[in-house]
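Participant: If you scroll down you'll find the structure; I have some questions about it.
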Amino acid sequence: MGNWKGKPRYDLKSFAPPLNVSRSAVEEFYKCPRCFWLHFIEGWAHVSTPGYPINTGIDGMAKAEFDIVRKLGLRHRLMPDNKWRASNHADIDDWRNTWKGVRALFAKGNIELHGAVDDIWVQGNGKLVVVDYKATCSQSGKYTKEWLFETRPYITRQMAIYKAILKEMGEDVAMSGIILYYNGESRKSSFDGVMNFSSHVIKVDPAKGDMSHPDRGVERANNAWVKKITDEIWDCVNLTAPPAAASDCEYCDRLAVIPAKYP
Ligand code: SF4
């Protein structure tokens, strides 16, 4: 058996609150409550995918670059105006640490939602801005909030979750966050071991774009949505049998079709 079979995350008999639920686990639940239930109750993880070491490397270099201006108290050229700075909050290193992150209780204290932010910037009015670095290599990116809502709604969900956690932690959070896209320029006559990146700043309020899910319908990624989905997660883990599968999942479709054709 491969490493997809792990330990169950939740067992009602031995449970002591809170249940730890990561930002990516919320995304798993959003996509399919059944897969989430099987993961948390049976320990059956979803089909694994390769890592993204190049993206992770670019994230690391972006962090190092913004740490320089953080230390010097200077504005970075990509920040929207002269009053913005990289946050020097006392907990900024913990908030960016995968093993600590930002975290807060939801679902009447039964769920602790957590995730590590890429960075936090501060506006001139003192409000904190969640920043997420993304790297891609695309000729088609428009790098507008409309493009983001339409093609990458998971990013707005991610932003909404971080904002809601920070708000629950008592922080003064700005409505909009920043998605900082680095796009690799791949149309060169020769590689020579060098790829240049263009940088694109998208200021986005996740609550202003509609998300459409075949089973959930149309929703907006605001604080109320984060509270609602964590309540649903708590209800889900307390079901005694897995809920219905997502109606548009290619994995379960294959599991049904292939054994039926080649038993
Ligand atoms: S439909 Fe099946 S494979 Fe797809 S996410 Fe849900 S349980 Fe997992």
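Here, A, B, ... name the chains of the structure tokens in the order displayed, residue numbers run from 1 inside each chain, and ligands are numbered from 1 in the same displayed order.
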For the interface of chain A with ligand 1 (cut-off 12 Å, counting only C-alpha atoms and all ligand atoms), please tabulate each contacting residue of chain A alongside its nearest pair of atoms and their separation in Å to one decimal, rows sorted by chain and increasing number, as a tab-separated table.
Facilitator:
residue	atom	partner	partner_atom_place_in_ligand_line	distance
A:Ala25	CA	ligand 1	5 (S)	11.9
A:Glu27	CA	ligand 1	5 (S)	10.8
A:Glu28	CA	ligand 1	5 (S)	7.6
A:Phe29	CA	ligand 1	5 (S)	8.6
A:Tyr30	CA	ligand 1	5 (S)	9.7
A:Lys31	CA	ligand 1	5 (S)	6.6
A:Cys32	CA	ligand 1	6 (Fe)	4.7
A:Pro33	CA	ligand 1	6 (Fe)	6.8
A:Arg34	CA	ligand 1	7 (S)	4.7
A:Cys35	CA	ligand 1	7 (S)	3.8
A:Phe36	CA	ligand 1	7 (S)	7.6
A:Trp37	CA	ligand 1	7 (S)	8.4
A:Leu38	CA	ligand 1	7 (S)	7.4
A:His39	CA	ligand 1	8 (Fe)	9.1
A:Trp44	CA	ligand 1	8 (Fe)	9.5
A:Ala45	CA	ligand 1	8 (Fe)	8.8
A:His46	CA	ligand 1	8 (Fe)	6.2
A:Val47	CA	ligand 1	3 (S)	7.7
A:Ser48	CA	ligand 1	3 (S)	11.3
A:Asp215	CA	ligand 1	1 (S)	11.7
A:Pro242	CA	ligand 1	7 (S)	8.8
A:Pro243	CA	ligand 1	7 (S)	8.9
A:Ala244	CA	ligand 1	6 (Fe)	7.9
A:Ala245	CA	ligand 1	1 (S)	4.3
A:Ala246	CA	ligand 1	1 (S)	4.7
A:Ser247	CA	ligand 1	1 (S)	6.8
A:Asp248	CA	ligand 1	1 (S)	7.1
A:Cys249	CA	ligand 1	4 (Fe)	4.4
A:Glu250	CA	ligand 1	4 (Fe)	6.4
A:Tyr251	CA	ligand 1	3 (S)	4.6
A:Cys252	CA	ligand 1	2 (Fe)	4.1
A:Asp253	CA	ligand 1	1 (S)	7.3
A:Arg254	CA	ligand 1	3 (S)	8.8
A:Leu255	CA	ligand 1	3 (S)	8.1
A:Ala256	CA	ligand 1	2 (Fe)	9.7
Participant: Convert the current residue selection to file output with C-alpha atoms, as a short mmCIF file (atom, residue, chain, number, x, y, z; two decimals), in the first residue's frame.
Facilitator:
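What ended up in result-v4.cif:
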data_model
loop_
_atom_site.label_atom_id
_atom_site.label_comp_id
_atom_site.auth_asym_id
_atom_site.auth_seq_id
_atom_site.Cartn_x
_atom_site.Cartn_y
_atom_site.Cartn_z
CA ALA A 25 -7.79 21.18 3.93
CA GLU A 27 -9.89 23.80 -0.10
CA GLU A 28 -10.11 20.00 -0.12
CA PHE A 29 -13.49 20.21 1.63
CA TYR A 30 -14.70 22.92 -0.76
CA LYS A 31 -13.85 20.72 -3.73
CA CYS A 32 -15.34 17.52 -2.31
CA PRO A 33 -16.68 16.90 1.23
CA ARG A 34 -16.46 13.15 0.62
CA CYS A 35 -12.72 13.21 -0.03
CA PHE A 36 -12.26 15.43 3.04
CA TRP A 37 -14.26 12.99 5.20
CA LEU A 38 -12.28 10.00 3.92
CA HIS A 39 -9.05 11.90 4.64
CA TRP A 44 -7.13 8.14 3.11
CA ALA A 45 -5.34 11.05 1.50
CA HIS A 46 -6.23 12.36 -1.94
CA VAL A 47 -4.19 11.31 -4.99
CA SER A 48 -0.77 12.87 -4.50
CA ASP A 215 -22.77 21.60 -5.97
CA PRO A 242 -19.06 9.75 4.05
CA PRO A 243 -21.14 12.43 2.32
CA ALA A 244 -21.83 12.39 -1.43
CA ALA A 245 -18.90 12.84 -3.82
CA ALA A 246 -18.45 16.01 -5.82
CA SER A 247 -20.39 15.86 -9.03
CA ASP A 248 -17.48 16.90 -11.25
CA CYS A 249 -14.48 14.91 -9.97
CA GLU A 250 -12.40 13.16 -12.62
CA TYR A 251 -10.85 10.71 -10.12
CA CYS A 252 -14.11 9.17 -8.93
CA ASP A 253 -15.44 9.17 -12.49
CA ARG A 254 -12.45 7.06 -13.53
CA LEU A 255 -12.82 4.75 -10.54
CA ALA A 256 -16.38 4.08 -11.67
#
Participant: Go through segment 73-143 of chain A and collect every residue that DSSP, computed from the backbone, puts in strand (DSSP E or B); the answer should be as a list in words.
Facilitator: Arg85, Ala86, Val102, Arg103, Ala104, Leu105, Phe106, Ile111, Glu112, Leu113, His114, Gly115, Asp119, Ile120, Trp121, Val122, Leu128, Val129, Val130, Val131, Asp132, Tyr133, Lys134, Ala135 and Thr136 of chain A
Participant: Please, what distance in Å, to one decimal, runs between atom CA of Asn20 of chain A and atom CA of Trp225 of chain A?
Facilitator: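 Computed distance, atom CA of Asn20 of chain A to atom CA of Trp225 of chain A, equals 18.4 Å.
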Participant: What separation in Å, quoted to one decimal, exists between atom CA of Gly184 of chain A and atom CA of Thr136 of chain A?
Facilitator: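 For atom CA of Gly184 of chain A relative to atom CA of Thr136 of chain A, the distance reads 6.2 Å.
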Participant: Given only C-alpha atoms as the basis, pick out the residue of A:Leu113, A:Ala221, A:Val130, A:Ile68 nearest to Ala160 of chain A.
Facilitator: A:Ala221
Participant: Which residues come within 8 Å of Cys137 of chain A, counting only C-alpha atoms, excluding same-chain residues fewer than 3 positions away, as a VMD selection string?
Facilitator: chain A and resid 183 to 186
Participant: Can those selected residues be exported to a file as a JSON list (two decimals), in the first residue's frame so that it contains C-alpha atoms?
Facilitator:
[["chain", "number", "residue", "atom", "x", "y", "z"],
["A", 183, "ASN", "CA", 5.81, 35.35, -14.65],
["A", 184, "GLY", "CA", 8.72, 33.55, -16.27],
["A", 185, "GLU", "CA", 9.52, 34.95, -19.73],
["A", 186, "SER", "CA", 9.87, 31.80, -21.82]]
Participant: For Asn110 of chain A, which residue out of A:Pro18, A:Gly6, A:Gly51, A:Gly124 is the nearest one, using only C-alpha atoms?
Facilitator: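 Checking each of A:Pro18, A:Gly6, A:Gly51, A:Gly124 against Asn110 of chain A, counting only C-alpha atoms, the winner is A:Pro18.
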Participant: I'd like the interatomic distance between atom CA of Thr240 of chain A and atom CA of Leu19 of chain A, to a tenth of an Å.
Facilitator: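 These atoms are spaced 17.0 Å apart.
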Participant: With distances taken over only C-alpha atoms, which residue among A:Tyr143, A:Tyr262, A:Phe15, A:Tyr162 lies nearest Arg96 of chain A?
Facilitator: A:Tyr162
Participant: Based on DSSP run over this structure's backbone, return all residues of segment 2-245 of chain A in alpha helix (DSSP H), as a PyMOL selection string.
Facilitator: chain A and resi 23-31+33-37+53-72+92-95+145-151+153-168+223-237
Participant: Determine the nearest neighbour of Gly101 of chain A from the options A:Ser22, A:Gly141, A:Lys71, A:Asp192, counting only C-alpha atoms.
Facilitator: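 Selected residue with least distance to Gly101 of chain A: A:Ser22.
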Participant: May I ask which of the residues A:Pro8, A:Lys108, A:Leu148, A:Tyr133 is the closest one to Lys63 of chain A, counting only C-alpha atoms?
Facilitator: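 For Lys63 of chain A, the nearest of the candidates is A:Tyr133.
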Participant: Leaving out Glu171 of chain A and any residue of its chain fewer than 5 positions from it, which residues lie within 12 Å of it when counting only C-alpha atoms, given as a ChimeraX atom specification?
Facilitator: /A:89,91,102-104,120,122,126-130,162-166
